[in-house]
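> There's a structure below that I have some questions on.
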Amino acid sequence: MSVLQIEGLTASYGVSQALFGVNLSIDEGGVTALMGRNGMGKSTTVKAICRMIRSQGTLQFAGRDLHALPSHKVARLGVGLVPEGRRCFAGLNVRENLIAAARPGDWTLQRVTELFPRLGERQQQRAASLSGGEQQMLAIGRALMTNPRLLILDEATEGLAPIIRQEIWAALGRLKSETQVSILVIDKSLKELARIADSAVILERGTTVWSGQMDALTPDLSERYIGV
């Protein structure tokens, strides 16, 4: 069963069209990688899902049409976003960031700090004083505290130290193996994506040009559309 279904999605920034036909499906409890070079429409697709930009086409979450909903209602339906750039509440401490958007469910402060022990050690520390990697963990933890049905991660490991990247990928692996949360992840790390993603979708100039099982993504396809 698909938790997210997108067909023929188009979107524009004013008169500039950014998406020309995105097709994407995420199964319940599945992990899908959204891939492509920079500027090909990946973040715009995320904005359309979260209703931060107007769009047209089929856009359904758990059978609900998202087009008429504002972003806060999409979040309440169960879409948790870890945005590019983290966007933690700089003046709040770790604990306050985590509980600010908390909703009832399995994900509690205790469970998040078990997933990311660093956050437990720094609960009283202001977000602005954390390292970039710790802020990324905080952004993921904050999204989990909303108890989402779908977790979206937009470049969650970009620019981080290798040891922090490893911790975040390990946490995502645990989410896949230990929970039923569906995950949409945008990242350039093919090696790590291959370990956790069930399927992949590649965008080229705002259009889906390839989709399939992750193990069917050949080096030739990677070279052609991703450039690695």
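Identifiers for the structure tokens are assigned positionally: chains receive A, B, ... in sequence, residues are indexed from 1 per chain, and ligands are indexed from 1 in the order shown.
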Could you write out, as a short mmCIF file (atom, residue, chain, number, x, y, z; two decimals) with C-alpha atoms, in the first residue's frame, all the residues of segment 41-188 of chain A that DSSP marks as strand (DSSP E or B)?

```cif
data_model
loop_
_atom_site.label_atom_id
_atom_site.label_comp_id
_atom_site.auth_asym_id
_atom_site.auth_seq_id
_atom_site.Cartn_x
_atom_site.Cartn_y
_atom_site.Cartn_z
CA SER A 55 1.29 22.50 -7.58
CA GLN A 56 -0.94 20.49 -9.85
CA GLY A 57 -1.30 16.80 -10.52
CA THR A 58 -1.99 13.85 -8.25
CA LEU A 59 -0.65 14.43 -4.74
CA GLN A 60 -2.12 12.03 -2.21
CA PHE A 61 -0.99 11.09 1.27
CA ARG A 64 -5.98 12.26 1.14
CA ASP A 65 -5.60 14.93 -1.53
CA VAL A 79 4.31 14.25 7.29
CA GLY A 80 7.51 15.08 9.19
CA LEU A 81 10.12 17.23 7.44
CA VAL A 82 13.84 17.52 8.13
CA ASN A 93 17.77 24.48 24.11
CA ARG A 126 21.11 26.05 23.22
CA LEU A 150 6.24 9.76 6.54
CA LEU A 151 9.64 11.25 7.33
CA ILE A 152 11.24 13.44 4.64
CA LEU A 153 14.95 14.20 4.84
CA ASP A 154 16.31 16.85 2.49
CA SER A 182 8.03 5.54 5.66
CA ILE A 183 11.05 7.57 4.58
CA LEU A 184 11.78 9.81 1.61
CA VAL A 185 15.47 10.71 1.60
CA ILE A 186 17.32 13.12 -0.67
#
```
> Which polymer residues have any atom within 10 Å of an atom of Thr45 of chain A, counting only C-alpha atoms, with same-chain residues fewer than 6 positions away left out, as a PyMOL selection string?
chain A and resi 6+9-11+18-19+22+24+34+51-53+55+203+206
> Find the spatial neighbours of segment 135-145 of chain A, counting only C-alpha atoms, within a cut-off of 6 Å - ignore same-chain residues fewer than 2 positions away - and output them as a short mmCIF file (atom, residue, chain, number, x, y, z; two decimals) with C-alpha atoms, in the first residue's frame.

```
data_model
loop_
_atom_site.label_atom_id
_atom_site.label_comp_id
_atom_site.auth_asym_id
_atom_site.auth_seq_id
_atom_site.Cartn_x
_atom_site.Cartn_y
_atom_site.Cartn_z
CA GLY A 80 7.51 15.08 9.19
CA LEU A 81 10.12 17.23 7.44
CA VAL A 82 13.84 17.52 8.13
CA ARG A 86 18.28 22.22 9.60
CA LEU A 98 12.31 18.58 20.70
CA ALA A 102 5.75 17.03 19.92
CA TRP A 107 8.32 8.86 19.67
CA VAL A 112 14.76 10.26 20.55
CA LEU A 130 25.65 22.86 18.83
CA GLY A 132 26.41 21.28 12.57
CA GLY A 133 26.10 17.53 12.98
CA ASN A 147 5.29 11.04 15.32
#
```
> Between atom CA of Arg174 of chain A and atom CA of Asp27 of chain A, what is the distance in Å, rounded to a tenth?
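Answer for the atom CA of Arg174 of chain A to atom CA of Asp27 of chain A separation: 17.6 Å.
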> As an exercise, work out the distance from atom CA of Pro148 of chain A to atom CA of Ile226 of chain A in Å and give it to one decimal place.
29.1 Å
> Could you pull out the residues in chain A that DSSP calls alpha helix (DSSP H) from the backbone, as a PyMOL selection string?
chain A and resi 42-49+71-77+94-100+109-115+117-121+132-144+162-178+190-196+219-225
> Taking 5 positions as the minimum chain separation for residues in the same chain, which residues sit within 10 Å of Leu92 of chain A when counting only C-alpha atoms? Answer as a list in words.
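Surrounding residues, per the criterion: Asn97, Leu98, Ala100, Gln124, Gln125, Arg126, Ala127 and Ala128 of chain A.
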> May I ask for the distance between atom CA of Gln180 of chain A and atom CA of Glu192 of chain A, given in Å to one decimal place?
19.9 Å
> Using only C-alpha atoms, find the one residue out of A:Arg149, A:Trp169, A:Lys176, A:His72 that sits nearest to Leu190 of chain A.
A:Trp169
> Can you check which parts of segment 151-184 of chain A lie within 9 Å of segment 116-123 of chain A? Per residue, the shortest pair of atoms and distance in Å to one decimal, counting only C-alpha atoms, sorted by chain and number, as CSV.

```
residue,atom,partner,partner_atom,distance
A:Glu167,CA,A:Phe116,CA,8.3
A:Ile168,CA,A:Phe116,CA,8.6
A:Ala171,CA,A:Phe116,CA,7.7
```
> Would you please work out which residue, of A:Leu217, A:Ser189, A:Glu84, A:Ala200, is nearest to Pro162 of chain A when using only C-alpha atoms?
A:Ser189
